[in-house]
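Text of the file structure.tsv, holding TSV, C-alpha atoms and all ligand atoms:
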```
chain	number	residue	atom	x	y	z
A	30	MET	CA	10.19	-27.48	36.45
A	31	ALA	CA	7.49	-26.26	38.77
A	32	LYS	CA	3.89	-25.65	37.78
A	33	ALA	CA	2.53	-22.25	38.84
A	34	THR	CA	-1.23	-21.78	39.16
A	35	ALA	CA	-2.60	-18.33	39.87
A	36	TYR	CA	-6.23	-17.88	40.97
A	37	CYS	CA	-7.36	-14.55	39.59
A	38	THR	CA	-10.57	-12.57	39.65
A	39	CYS	CA	-11.67	-10.52	36.67
A	40	GLU	CA	-12.22	-6.90	37.59
A	41	LYS	CA	-14.67	-6.44	34.77
A	42	CYS	CA	-17.06	-9.38	34.99
A	43	GLY	CA	-16.15	-10.75	38.43
A	44	LYS	CA	-15.44	-14.20	37.04
A	45	GLU	CA	-12.75	-16.30	38.75
A	46	PHE	CA	-10.20	-17.85	36.44
A	47	THR	CA	-6.85	-19.61	36.61
A	48	LYS	CA	-3.60	-18.84	34.84
A	49	ILE	CA	-1.03	-21.56	34.53
A	50	THR	CA	2.64	-21.37	33.63
A	51	TYR	CA	5.84	-23.29	34.32
A	52	LYS	CA	8.87	-21.90	36.15
A	53	GLN	CA	12.41	-23.15	36.85
A	54	ASN	CA	11.75	-24.01	40.51
A	55	SER	CA	8.99	-23.82	43.07
A	56	ARG	CA	10.32	-20.56	44.57
A	57	GLU	CA	9.94	-18.81	41.21
A	58	ALA	CA	6.57	-20.48	40.70
A	59	ARG	CA	5.22	-19.17	44.04
A	60	SER	CA	6.63	-15.74	43.30
A	61	TRP	CA	4.93	-15.66	39.86
A	62	GLU	CA	1.62	-16.84	41.39
A	63	ALA	CA	1.70	-13.95	43.84
A	64	TRP	CA	2.50	-11.49	41.06
A	65	ALA	CA	-0.16	-12.92	38.72
A	66	GLU	CA	-2.92	-12.91	41.33
A	67	ALA	CA	-2.19	-9.27	42.06
A	68	ASN	CA	-1.75	-8.12	38.47
A	69	ILE	CA	-3.81	-10.21	36.06
A	70	THR	CA	-7.21	-8.68	36.49
A	71	GLU	CA	-8.83	-9.41	33.15
A	72	CYS	CA	-10.18	-12.78	32.05
A	73	ASP	CA	-9.64	-14.07	28.51
A	74	ASP	CA	-13.22	-13.32	27.49
A	75	CYS	CA	-13.05	-9.73	28.69
A	76	GLN	CA	-9.67	-9.26	27.04
A	77	ALA	CA	-11.00	-10.60	23.73
A	78	ALA	CA	-14.04	-8.36	24.01
A	79	ARG	CA	-11.84	-5.32	24.74
A	80	ILE	CA	-9.61	-6.00	21.72
A	81	GLN	CA	-12.66	-6.52	19.52
A	82	ALA	CA	-14.20	-3.27	20.77
A	83	ALA	CA	-11.00	-1.38	19.91
A	84	ARG	CA	-11.05	-2.95	16.45
A	85	ASP	CA	-14.73	-2.05	16.00
A	86	GLU	CA	-13.96	1.52	17.03
A	87	GLU	CA	-11.16	1.75	14.49
A	88	ASN	CA	-13.42	0.31	11.79
A	89	LYS	CA	-16.15	2.76	12.69
A	90	LYS	CA	-13.76	5.68	12.40
A	91	SER	CA	-12.61	4.39	9.03
A	92	ALA	CA	-16.21	4.12	7.88
A	93	GLU	CA	-16.86	7.71	8.94
A	94	GLN	CA	-13.75	8.86	7.14
A	95	ALA	CA	-14.77	6.95	4.03
A	96	LYS	CA	-18.10	8.73	4.13
A	97	MET	CA	-16.40	12.11	4.40
A	98	LEU	CA	-14.13	11.28	1.48
A	99	HIS	CA	-17.19	10.25	-0.58
A	100	LEU	CA	-15.81	6.79	-1.11
A	101	PRO	CA	-18.30	4.24	-2.40
A	102	VAL	CA	-20.02	1.89	0.01
A	103	LEU	CA	-18.27	-1.46	0.17
A	104	GLU	CA	-20.05	-4.72	-0.58
A	105	GLY	CA	-19.75	-7.81	1.62
A	106	SER	CA	-20.83	-9.06	5.02
A	107	PRO	CA	-20.99	-6.38	7.74
A	108	LYS	CA	-17.84	-7.83	9.31
A	109	GLN	CA	-15.96	-7.87	6.01
A	110	VAL	CA	-17.07	-4.34	5.18
A	111	ALA	CA	-15.94	-3.01	8.56
A	112	TRP	CA	-12.53	-4.59	8.17
A	113	ALA	CA	-12.15	-3.55	4.55
A	114	GLU	CA	-12.97	0.08	5.41
A	115	THR	CA	-9.92	0.20	7.64
A	116	ILE	CA	-7.70	-1.44	5.06
A	117	ARG	CA	-8.90	1.01	2.41
A	118	VAL	CA	-8.29	4.06	4.61
A	119	ASN	CA	-4.81	2.80	5.51
A	120	ALA	CA	-4.00	2.11	1.88
A	121	MET	CA	-5.05	5.62	0.89
A	122	ASP	CA	-3.03	7.12	3.74
A	123	THR	CA	0.02	5.16	2.62
A	124	LEU	CA	-0.42	6.36	-0.95
A	125	ARG	CA	-1.17	9.95	0.06
A	126	GLU	CA	1.98	10.12	2.16
A	127	SER	CA	4.03	8.63	-0.62
A	128	PHE	CA	2.72	11.20	-3.12
A	129	ALA	CA	3.37	13.99	-0.65
A	130	ARG	CA	6.98	12.82	-0.27
A	131	LYS	CA	7.42	12.67	-4.03
A	132	ARG	CA	6.01	16.18	-4.39
A	133	GLU	CA	8.48	17.37	-1.79
A	134	ASP	CA	11.32	15.64	-3.58
A	135	ALA	CA	10.34	17.47	-6.76
A	136	GLU	CA	10.73	20.86	-5.11
A	137	GLY	CA	13.59	22.84	-6.61
A	138	GLU	CA	13.91	20.49	-9.60
A	139	ASP	CA	14.06	22.10	-13.05
A	140	ASN	CA	10.76	20.54	-14.08
A	141	GLU	CA	9.13	20.81	-10.66
A	142	ASP	CA	5.76	21.93	-12.04
A	143	LEU	CA	5.61	19.16	-14.59
A	144	ILE	CA	6.56	16.49	-12.06
A	145	LYS	CA	3.92	17.71	-9.64
A	146	GLU	CA	1.33	17.76	-12.38
A	147	LEU	CA	2.21	14.18	-13.32
A	148	LEU	CA	2.01	13.14	-9.68
A	149	ASP	CA	-1.43	14.75	-9.44
A	150	GLU	CA	-2.52	12.80	-12.50
A	151	GLN	CA	-1.25	9.55	-11.05
A	152	GLN	CA	-2.92	10.14	-7.72
A	153	THR	CA	-6.20	11.11	-9.36
A	154	PHE	CA	-5.97	7.98	-11.49
A	155	LEU	CA	-5.50	5.75	-8.43
A	156	TRP	CA	-8.27	7.55	-6.54
A	157	ASN	CA	-10.63	7.01	-9.47
A	158	VAL	CA	-9.82	3.31	-9.56
A	159	ILE	CA	-10.28	3.10	-5.80
A	160	GLY	CA	-13.74	4.57	-6.37
A	161	THR	CA	-14.58	1.46	-8.40
A	162	LEU	CA	-13.15	-1.10	-5.95
A	163	THR	CA	-16.30	-1.75	-3.98
A	164	SER	CA	-15.73	-5.38	-3.05
A	165	ALA	CA	-14.74	-5.71	0.60
A	166	ALA	CA	-13.20	-9.08	-0.29
A	167	TRP	CA	-10.82	-7.40	-2.74
A	168	TRP	CA	-9.43	-5.11	-0.02
A	169	ILE	CA	-9.13	-7.97	2.43
A	170	ASP	CA	-7.39	-10.24	-0.11
A	171	ASN	CA	-4.88	-7.51	-0.85
A	172	ARG	CA	-4.33	-6.28	2.70
A	173	CYS	CA	-0.75	-7.53	2.95
A	174	SER	CA	0.49	-4.94	0.51
A	175	ASP	CA	1.32	-2.25	3.00
A	176	SER	CA	3.80	-0.30	0.88
A	177	ALA	CA	2.80	2.47	-1.51
A	178	ARG	CA	4.53	0.61	-4.33
A	179	MET	CA	2.51	-2.55	-3.74
A	180	TRP	CA	-0.78	-0.70	-3.41
A	181	THR	CA	-0.06	1.24	-6.59
A	182	ARG	CA	0.66	-2.00	-8.44
A	183	LYS	CA	-2.51	-3.67	-7.19
A	184	ILE	CA	-4.82	-0.70	-7.65
A	185	ALA	CA	-3.40	0.42	-11.00
A	186	GLY	CA	-3.47	-3.23	-12.07
A	187	LYS	CA	-7.25	-3.06	-12.07
A	188	ASP	CA	-7.05	-0.72	-15.07
A	189	GLU	CA	-3.63	-1.71	-16.31
A	190	LYS	CA	-3.96	-0.57	-19.90
A	191	ALA	CA	-4.95	2.98	-18.97
A	192	TRP	CA	-2.27	3.10	-16.27
A	193	ASN	CA	0.45	2.00	-18.71
A	194	GLU	CA	-0.67	4.66	-21.16
A	195	LEU	CA	-0.54	7.25	-18.42
A	196	GLN	CA	2.99	6.17	-17.48
A	197	LYS	CA	4.11	6.18	-21.08
A	198	ALA	CA	2.70	9.66	-21.64
A	199	ALA	CA	4.32	10.87	-18.41
A	200	LYS	CA	7.71	9.50	-19.46
A	201	ALA	CA	7.44	11.17	-22.84
A	202	ARG	CA	6.55	14.50	-21.25
A	203	ILE	CA	9.43	14.29	-18.80
A	204	GLU	CA	11.75	13.63	-21.71
A	205	GLY	CA	10.24	16.61	-23.50
A	206	LYS	CA	9.08	14.60	-26.47
A	207	VAL	CA	5.46	15.69	-26.54
A	208	SER	CA	3.25	18.22	-24.90
A	209	PRO	CA	-0.06	17.00	-23.53
A	210	GLU	CA	-1.93	18.97	-26.15
A	211	ALA	CA	-0.01	17.23	-28.91
A	212	SER	CA	-1.00	13.81	-27.69
A	213	GLN	CA	-4.53	15.06	-27.29
A	214	ALA	CA	-4.54	16.23	-30.89
A	215	ASP	CA	-3.15	12.87	-32.03
A	216	GLU	CA	-5.83	11.06	-30.19
A	217	SER	CA	-8.65	13.12	-31.59
A	218	VAL	CA	-7.45	12.24	-35.09
A	219	THR	CA	-7.41	8.51	-34.53
A	220	GLU	CA	-10.54	8.42	-32.43
A	221	ALA	CA	-13.76	7.37	-34.09
A	222	GLU	CA	-16.38	10.05	-34.58
A	223	PRO	CA	-18.83	10.09	-31.69
A	224	GLU	CA	-22.09	8.34	-32.50
A	225	THR	CA	-24.20	11.07	-30.97
A	226	PRO	CA	-26.28	13.15	-33.37
A	227	VAL	CA	-25.36	16.74	-34.15
A	228	GLN	CA	-24.60	18.47	-30.89
A	229	PRO	CA	-25.67	22.04	-30.23
A	230	GLU	CA	-23.01	24.69	-30.71
A	231	ALA	CA	-22.87	28.14	-29.16
A	232	MET	CA	-20.78	30.97	-30.60
A	233	PRO	CA	-19.59	33.81	-28.39
A	234	GLU	CA	-20.16	37.39	-29.52
A	235	ASN	CA	-16.44	37.93	-29.75
A	236	GLN	CA	-15.06	34.68	-31.00
A	237	THR	CA	-11.29	34.85	-30.75
A	238	HIS	CA	-10.43	31.21	-31.41
A	239	ASP	CA	-11.05	29.10	-34.51
A	240	GLY	CA	-13.16	25.99	-34.53
A	241	ALA	CA	-15.02	24.90	-31.43
A	242	ALA	CA	-14.22	23.37	-28.07
A	243	VAL	CA	-16.13	20.17	-27.39
A	244	ILE	CA	-17.64	19.31	-24.02
A	245	GLU	CA	-18.85	15.76	-23.50
A	246	ILE	CA	-20.29	13.76	-20.65
A	247	THR	CA	-19.06	10.17	-20.54
A	248	ALA	CA	-21.14	7.12	-19.65
A	249	SER	CA	-19.58	7.21	-16.17
A	250	LYS	CA	-20.64	10.87	-15.79
A	251	ALA	CA	-17.19	12.36	-16.09
A	252	VAL	CA	-17.02	15.63	-18.03
A	253	VAL	CA	-14.45	15.71	-20.79
A	254	ALA	CA	-13.25	18.75	-22.74
A	255	ARG	CA	-11.33	18.85	-26.02
A	256	TYR	CA	-9.77	21.48	-28.22
A	257	GLU	CA	-6.64	21.75	-30.31
A	258	LYS	CA	-3.38	22.68	-28.60
A	259	ASN	CA	-3.98	26.09	-27.08
A	260	ASP	CA	-2.68	27.86	-23.96
A	261	ASP	CA	-5.87	29.86	-23.40
A	262	PHE	CA	-7.98	26.69	-23.50
A	263	ARG	CA	-5.60	24.96	-21.12
A	264	ALA	CA	-5.81	27.87	-18.66
A	265	VAL	CA	-9.62	27.93	-18.72
A	266	VAL	CA	-10.12	24.21	-18.20
A	267	LYS	CA	-7.50	24.04	-15.44
A	268	ASP	CA	-9.12	26.95	-13.67
A	269	ALA	CA	-12.49	25.19	-13.96
A	270	GLY	CA	-11.02	22.28	-12.00
A	271	PHE	CA	-10.26	19.95	-14.91
A	272	SER	CA	-7.12	17.84	-14.93
A	273	TRP	CA	-5.28	15.97	-17.64
A	274	GLN	CA	-6.19	12.29	-17.39
A	275	TYR	CA	-6.38	9.43	-19.87
A	276	SER	CA	-5.26	11.84	-22.61
A	277	THR	CA	-8.11	14.32	-22.16
A	278	TRP	CA	-9.08	17.18	-19.89
A	279	ARG	CA	-11.43	15.60	-17.42
A	280	CYS	CA	-13.46	16.49	-14.35
A	281	ILE	CA	-15.13	13.93	-12.11
A	282	PRO	CA	-18.16	15.64	-10.53
A	283	ASP	CA	-18.45	15.58	-6.77
A	284	GLU	CA	-20.22	17.43	-3.98
A	285	LYS	CA	-18.13	20.52	-4.65
A	286	THR	CA	-18.86	20.75	-8.37
A	287	GLY	CA	-22.47	19.65	-8.55
A	288	ASP	CA	-23.49	17.05	-11.14
A	289	ALA	CA	-21.98	16.52	-14.59
A	290	GLU	CA	-24.56	18.83	-16.22
A	291	ASN	CA	-23.55	21.62	-13.85
A	292	VAL	CA	-19.85	21.09	-14.54
A	293	ALA	CA	-20.50	21.14	-18.29
A	294	ALA	CA	-22.61	24.30	-18.05
A	295	ASP	CA	-19.98	26.05	-15.92
A	296	LEU	CA	-17.13	25.13	-18.24
A	297	GLY	CA	-19.14	26.11	-21.31
A	298	ASN	CA	-19.83	29.49	-19.79
A	299	ARG	CA	-16.15	30.06	-19.03
A	300	LEU	CA	-15.10	29.01	-22.54
A	301	LEU	CA	-17.67	31.23	-24.21
A	302	LYS	CA	-16.49	34.20	-22.13
A	303	ALA	CA	-12.91	33.39	-23.18
A	304	GLY	CA	-13.94	33.61	-26.84
A	305	PHE	CA	-14.31	29.93	-27.72
A	306	ALA	CA	-17.21	28.51	-29.67
A	307	VAL	CA	-18.50	25.54	-27.69
A	308	ILE	CA	-20.18	22.31	-28.70
A	309	PHE	CA	-22.34	21.19	-25.78
A	310	PRO	CA	-23.49	17.71	-24.75
A	311	SER	CA	-27.14	18.79	-25.00
A	312	GLN	CA	-29.44	21.68	-25.86
A	313	GLU	CA	-30.52	21.94	-22.24
A	314	ILE	CA	-26.98	22.30	-20.94
A	315	MET	CA	-26.20	24.89	-23.59
A	316	GLU	CA	-29.19	26.97	-22.53
A	317	LYS	CA	-28.20	26.76	-18.88
A	318	SER	CA	-24.65	27.72	-19.75
A	319	VAL	CA	-25.60	30.69	-21.87
A	320	THR	CA	-28.23	32.04	-19.49
A	321	GLY	CA	-26.11	31.48	-16.40
A	322	ASP	CA	-28.63	29.04	-14.92
A	323	PHE	CA	-26.08	26.91	-13.06
A	324	GLU	CA	-24.18	26.82	-9.79
A	325	PRO	CA	-20.79	28.44	-10.51
A	326	ILE	CA	-17.92	26.19	-9.50
A	327	THR	CA	-15.61	27.66	-6.92
A	328	LYS	CA	-12.38	26.37	-5.47
A	329	ASN	CA	-13.16	28.07	-2.18
A	330	TRP	CA	-14.37	25.25	0.02
A	331	ILE	CA	-14.40	24.37	3.65
A	332	SER	CA	-14.81	20.68	4.38
A	333	VAL	CA	-14.17	18.29	7.24
A	334	VAL	CA	-11.35	15.76	7.52
A	335	GLY	CA	-10.01	13.23	9.95
A	336	ALA	CA	-11.49	11.03	12.61
A	337	ASN	CA	-11.13	13.79	15.21
A	338	LYS	CA	-12.89	16.30	12.96
A	339	HIS	CA	-11.00	19.28	11.69
A	340	PHE	CA	-12.24	21.82	9.23
A	341	ILE	CA	-10.08	22.22	6.19
A	342	ILE	CA	-9.88	25.35	4.06
A	343	THR	CA	-8.75	24.12	0.68
A	344	HIS	CA	-8.23	27.06	-1.62
A	345	VAL	CA	-6.68	30.17	-0.19
A	346	ALA	CA	-6.26	32.36	-3.22
A	347	ASP	CA	-4.18	35.30	-2.02
A	348	ASP	CA	-1.81	36.34	0.73
A	349	ASN	CA	-4.30	38.47	2.62
A	350	MET	CA	-6.84	35.69	2.73
A	351	TYR	CA	-4.12	33.28	3.81
A	352	LYS	CA	-3.03	35.62	6.60
A	353	GLU	CA	-6.61	35.94	7.73
A	354	ALA	CA	-7.11	32.18	7.71
A	355	LYS	CA	-3.84	31.69	9.58
A	356	ARG	CA	-5.16	33.90	12.39
A	357	ILE	CA	-7.94	31.41	13.15
A	358	PRO	CA	-6.96	29.79	16.47
A	359	GLY	CA	-5.23	26.45	15.99
A	360	SER	CA	-5.00	26.64	12.20
A	361	LYS	CA	-2.05	25.00	10.53
A	362	TRP	CA	-0.98	24.11	7.02
A	363	ASP	CA	-1.50	20.49	6.09
A	364	ARG	CA	0.67	19.33	3.24
A	365	PHE	CA	-1.23	16.10	2.62
A	366	SER	CA	-4.50	17.79	1.89
A	367	GLN	CA	-2.86	21.03	0.68
A	368	GLY	CA	-5.05	23.19	2.87
A	369	LEU	CA	-5.32	24.86	6.24
A	370	LEU	CA	-6.47	22.56	9.03
A	371	VAL	CA	-8.60	24.23	11.68
A	372	PRO	CA	-9.78	22.51	14.87
A	373	ALA	CA	-13.54	22.15	15.34
A	374	SER	CA	-13.32	24.40	18.41
A	375	SER	CA	-12.71	27.37	16.08
A	376	TRP	CA	-16.12	26.88	14.48
A	377	ALA	CA	-17.25	30.46	15.04
A	378	GLU	CA	-14.17	31.86	13.28
A	379	ILE	CA	-14.72	29.40	10.43
A	380	GLN	CA	-18.25	30.70	10.04
A	381	ASP	CA	-17.01	34.30	9.85
A	382	PHE	CA	-14.22	33.43	7.47
A	383	ALA	CA	-16.59	31.56	5.16
A	384	ARG	CA	-19.02	34.46	5.07
A	385	GLU	CA	-16.45	37.19	4.54
A	386	ASN	CA	-14.51	35.36	1.85
A	387	GLU	CA	-17.43	33.65	0.12
A	388	PHE	CA	-16.31	30.11	0.86
A	389	LYS	CA	-18.78	27.27	0.51
A	390	LEU	CA	-19.29	24.60	3.14
A	391	THR	CA	-19.62	20.92	2.37
A	392	GLN	CA	-22.45	18.96	3.94
A	393	GLY	CA	-19.98	17.58	6.49
A	394	ALA	CA	-18.72	21.06	7.39
A	395	GLN	CA	-22.29	22.34	7.80
A	396	GLU	CA	-23.09	19.44	10.09
A	397	LEU	CA	-19.98	20.01	12.19
A	398	LEU	CA	-20.77	23.72	12.44
A	399	ALA	CA	-24.32	22.97	13.53
A	400	GLN	CA	-23.07	20.45	16.04
A	401	MET	CA	-20.46	22.80	17.50
A	402	GLY	CA	-22.79	25.78	17.40
A	403	LYS	CA	-25.63	24.07	19.24
A	404	ALA	CA	-24.45	25.28	22.63
A	405	SER	CA	-24.32	28.90	21.55
A	406	VAL	CA	-27.04	29.80	19.09
A	407	VAL	CA	-26.12	32.48	16.58
A	408	VAL	CA	-29.09	34.55	15.45
A	409	ASN	CA	-29.24	37.47	13.10
A	410	VAL	CA	-31.49	39.85	14.95
A	411	ALA	CA	-32.90	42.47	12.63
A	412	ASP	CA	-32.83	46.06	13.81
A	413	PRO	CA	-36.26	46.99	15.11
A	414	ALA	CA	-37.92	49.61	12.96
A	415	SER	CA	-38.46	52.28	15.58
A	416	GLY	CA	-37.05	53.35	18.88
A	417	SER	CA	-40.17	52.39	20.73
A	418	ALA	CA	-40.16	48.94	19.22
A	419	LYS	CA	-36.55	48.60	20.28
A	420	GLN	CA	-37.42	49.59	23.77
A	421	PHE	CA	-40.33	47.19	23.75
A	422	LEU	CA	-38.03	44.38	22.69
A	423	ASN	CA	-35.46	45.27	25.27
A	424	GLU	CA	-38.05	45.29	27.99
A	425	ASN	CA	-39.85	42.15	26.96
A	426	GLY	CA	-37.03	40.17	25.38
A	427	ILE	CA	-39.22	39.19	22.45
A	428	ILE	CA	-37.61	38.09	19.19
A	429	PRO	CA	-38.60	40.13	16.12
A	430	ASP	CA	-40.57	37.29	14.45
A	431	LEU	CA	-43.19	37.56	17.15
A	432	MET	CA	-43.65	41.30	16.78
A	433	ASP	CA	-46.64	41.04	14.44
A	434	GLU	CA	-48.54	38.87	16.84
A	435	ALA	CA	-47.66	40.99	19.88
B	501	ZN	ZN	-14.02	-11.01	32.73
```

Could I get this structure in the form of structure tokens?
Amino acid sequence: MAKATAYCTCEKCGKEFTKITYKQNSREARSWEAWAEANITECDDCQAARIQAARDEENKKSAEQAKMLHLPVLEGSPKQVAWAETIRVNAMDTLRESFARKREDAEGEDNEDLIKELLDEQQTFLWNVIGTLTSAAWWIDNRCSDSARMWTRKIAGKDEKAWNELQKAAKARIEGKVSPEASQADESVTEAEPETPVQPEAMPENQTHDGAAVIEITASKAVVARYEKNDDFRAVVKDAGFSWQYSTWRCIPDEKTGDAENVAADLGNRLLKAGFAVIFPSQEIMEKSVTGDFEPITKNWISVVGANKHFIITHVADDNMYKEAKRIPGSKWDRFSQGLLVPASSWAEIQDFARENEFKLTQGAQELLAQMGKASVVVNVADPASGSAKQFLNENGIIPDLMDEA
């Protein structure tokens, strides 16, 4: 054995350092020394710093993504939080891909729609639980579970009873034993009467359905809707963005829906128009609902996804709109997020599309637009009132706001 000692210089910090290894014979040792002195140009400290910087960058991206996905802030030391952000994002990616695969597998099956609906429920369930897992330590302790199956078990395990019920109900529906409305009806029979005092009820002018639909806001600010088994009711709540979870129709308010009061007012309005009497969570919400004093919920949204910032158009209602959206440079269908991905460089087209088709922009999308649009400022210049004013403007290049002072 021959000891080989290479004397290297770090290209980054200029420090001299030695690298030592052992070779079969002195010829190989000299040869390695020559190679090492020529090729090892980074000291251990600089290498460690570089790896840490890459890790920090990844954690930062994960934190940004978490913010865009409206995930709760994690609790723990700054180091723990940074690490846990990445684990959480990876876990959600793993699960999202797994659900996307399962949805694809369901295509062409007899009960395709039902399977997809059940998958949506499961994913929403897991996402809701994830929204409550705010301890960085929890994510770090569970980081080894890198398969979708393991993550599902660990996340669902945090609310095991509800998850088991969901699975049981899903199995029964697959086997055709019960419809969701039937289990809803069962539940409303066994459930204790709510403790709240008499809730305000609104009757539509043309009531076409017996009884009344009930809208409630839970302690955790979810909006829940109940009625007996009825296809019209089901269609209205689904269209309002509610999904079947924990044996009720439920909507978790977010940036796109406004707060729980807004969701309740919007749904109440839709139900009244569809001929249902509605029992509201409060007098105030009923008044807003009846007078139309709320922000109508739309599925037409443009938001921002991904570390390298793409716009995403999530609800493209008809073929013409889809064709129009597809013409935006660089746009492509994204099966994970079920929307059209558009690169940030097409910001001007996104702006036009949003305006023409009445799409709303999330805070993130507005910020990205502003950021991209900074270089080229878009202004709506009003037509000057008279020809002479126009000429004046042309000659002096003054913007209309200044006309009064001029
Ligand atoms: Zn160095």

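Of the residues listed (A:Ala241, A:Ala303, A:Leu155, A:Cys75), A:Ala303 shows the shortest atom-to-atom separation from Ala264 (chain A); distances use only C-alpha atoms.
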
May I ask for the distance between CA of Asp188 (chain A) and CA of Glu93 (chain A), given in Å to one decimal place? 27.3 Å

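With CA of Arg178 (chain A) on one side and CA of Phe128 (chain A) on the other, the separation reads 10.8 Å.
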
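For the pair CA of Lys250 (chain A) and CA of Glu290 (chain A), the separation is 8.9 Å.
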
Here's a test: counting only C-alpha atoms, identify every protein, DNA and RNA residue with an atom at most 12 Å from (-20.2, 14.3, -4.6) in the file's coordinate frame, and state them as a list in words. Lys96, Met97, Leu98, His99, Leu100, Pro101, Gly160, Lys250, Ile281, Pro282, Asp283, Glu284, Lys285, Thr286, Gly287, Asp288, Ala289, Thr391, Gln392 and Gly393 of chain A

Site check for ligand ZN 501 (chain B): residues at most 8 Å away, all atoms listed in the file, as a PyMOL selection string: chain A and resi 38-44+71-76

Once you have the residues from the selection above, write them out as an mmCIF file, in the frame of the given file, restricted to C-alpha atoms.
```
data_model
loop_
_atom_site.group_PDB
_atom_site.id
_atom_site.type_symbol
_atom_site.label_atom_id
_atom_site.label_comp_id
_atom_site.auth_asym_id
_atom_site.auth_seq_id
_atom_site.Cartn_x
_atom_site.Cartn_y
_atom_site.Cartn_z
ATOM 1 C CA THR A 38 -10.570 -12.570 39.650
ATOM 2 C CA CYS A 39 -11.670 -10.520 36.670
ATOM 3 C CA GLU A 40 -12.220 -6.900 37.590
ATOM 4 C CA LYS A 41 -14.670 -6.440 34.770
ATOM 5 C CA CYS A 42 -17.060 -9.380 34.990
ATOM 6 C CA GLY A 43 -16.150 -10.750 38.430
ATOM 7 C CA LYS A 44 -15.440 -14.200 37.040
ATOM 8 C CA GLU A 71 -8.830 -9.410 33.150
ATOM 9 C CA CYS A 72 -10.180 -12.780 32.050
ATOM 10 C CA ASP A 73 -9.640 -14.070 28.510
ATOM 11 C CA ASP A 74 -13.220 -13.320 27.490
ATOM 12 C CA CYS A 75 -13.050 -9.730 28.690
ATOM 13 C CA GLN A 76 -9.670 -9.260 27.040
#
```

Nearest residue to Thr181 (chain A) out of A:Leu162, A:Ala82, A:Ala120, A:Ala231, using only C-alpha atoms? A:Ala120

Per-axis box centre and lengths in Å around region 339-350 of chain A, 3 Å margin per side, axis-aligned, as AutoDock Vina command-line options:
```
--center_x -7.0 --center_y 28.9 --center_z 4.2 --size_x 16.4 --size_y 25.2 --size_z 20.9
```

Once you count all atoms listed in the file, which residues end up no further than 9 Å from (-1.2, 23.0, 13.3) in the file's frame, shown as a compact mmCIF listing (two decimals) with C-alpha atoms, in the frame of the given file?
```txt
# COMPACT_ATOMS: atom_id res chain seq x y z
CA GLY A 359 -5.23 26.45 15.99
CA SER A 360 -5.00 26.64 12.20
CA LYS A 361 -2.05 25.00 10.53
CA TRP A 362 -0.98 24.11 7.02
CA ASP A 363 -1.50 20.49 6.09
CA LEU A 369 -5.32 24.86 6.24
CA LEU A 370 -6.47 22.56 9.03
CA VAL A 371 -8.60 24.23 11.68
CA PRO A 372 -9.78 22.51 14.87
```

Complete region 288-299 of chain A at the level of N, CA and C atoms, written as an mmCIF file, in the frame of the given file.
```cif
data_model
loop_
_atom_site.group_PDB
_atom_site.id
_atom_site.type_symbol
_atom_site.label_atom_id
_atom_site.label_comp_id
_atom_site.auth_asym_id
_atom_site.auth_seq_id
_atom_site.Cartn_x
_atom_site.Cartn_y
_atom_site.Cartn_z
ATOM 1 N N ASP A 288 -23.497 18.193 -10.223
ATOM 2 C CA ASP A 288 -23.490 17.050 -11.140
ATOM 3 C C ASP A 288 -22.802 17.392 -12.467
ATOM 4 N N ALA A 289 -22.703 16.369 -13.330
ATOM 5 C CA ALA A 289 -21.980 16.520 -14.590
ATOM 6 C C ALA A 289 -22.575 17.646 -15.447
ATOM 7 N N GLU A 290 -23.904 17.776 -15.437
ATOM 8 C CA GLU A 290 -24.560 18.830 -16.220
ATOM 9 C C GLU A 290 -24.106 20.204 -15.739
ATOM 10 N N ASN A 291 -23.991 20.337 -14.413
ATOM 11 C CA ASN A 291 -23.550 21.620 -13.850
ATOM 12 C C ASN A 291 -22.107 21.925 -14.245
ATOM 13 N N VAL A 292 -21.269 20.905 -14.179
ATOM 14 C CA VAL A 292 -19.850 21.090 -14.540
ATOM 15 C C VAL A 292 -19.758 21.505 -16.006
ATOM 16 N N ALA A 293 -20.541 20.838 -16.866
ATOM 17 C CA ALA A 293 -20.500 21.140 -18.290
ATOM 18 C C ALA A 293 -20.998 22.564 -18.563
ATOM 19 N N ALA A 294 -22.069 22.952 -17.860
ATOM 20 C CA ALA A 294 -22.610 24.300 -18.050
ATOM 21 C C ALA A 294 -21.618 25.358 -17.585
ATOM 22 N N ASP A 295 -20.963 25.107 -16.465
ATOM 23 C CA ASP A 295 -19.980 26.050 -15.920
ATOM 24 C C ASP A 295 -18.798 26.198 -16.873
ATOM 25 N N LEU A 296 -18.281 25.063 -17.340
ATOM 26 C CA LEU A 296 -17.130 25.130 -18.240
ATOM 27 C C LEU A 296 -17.516 25.826 -19.551
ATOM 28 N N GLY A 297 -18.684 25.486 -20.071
ATOM 29 C CA GLY A 297 -19.140 26.110 -21.310
ATOM 30 C C GLY A 297 -19.200 27.619 -21.187
ATOM 31 N N ASN A 298 -19.731 28.067 -20.056
ATOM 32 C CA ASN A 298 -19.830 29.490 -19.790
ATOM 33 C C ASN A 298 -18.455 30.163 -19.781
ATOM 34 N N ARG A 299 -17.514 29.510 -19.109
ATOM 35 C CA ARG A 299 -16.150 30.060 -19.030
ATOM 36 C C ARG A 299 -15.507 30.126 -20.422
#
```
